[in-house]
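Down below is the structure, laid out as structure tokens.
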Amino acid sequence: MDLMKLKGILEILGICVTVAMSYVFIINLVLGIQNQPVDIVILAFAWAMVIKMNWTAKELWDKWTGKWKNGVHKRFNRLP
């Protein structure tokens, strides 16, 4: 397995774990289960790392918010 493929898999795994932690946190709130303060800190840190350092998450966000049209990014006006 090459290094770039491994990096991509780890970035996708980081996104999935962060989203799953967010769902668990919200479900705990709905069910009345107490969330510990460390849960909030870990969740905030995980989202900060995904937003700041995860290029896969940045590209997905750009695609979902409409910055990509026909495979061309508006900011760069060229193919990725």
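Residues in the structure tokens are numbered from 1 in each chain, the chains being A, B, ... in the order shown, and ligands are numbered from 1 in the order shown.
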Just the strand (DSSP E or B) stuff from chain A, please, per backbone DSSP, written as a PyMOL selection string.
chain A and resi 68-69+72-73+78
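Take CA of Phe45 (chain A) and CA of Val19 (chain A): the distance between them is 12.6 Å.
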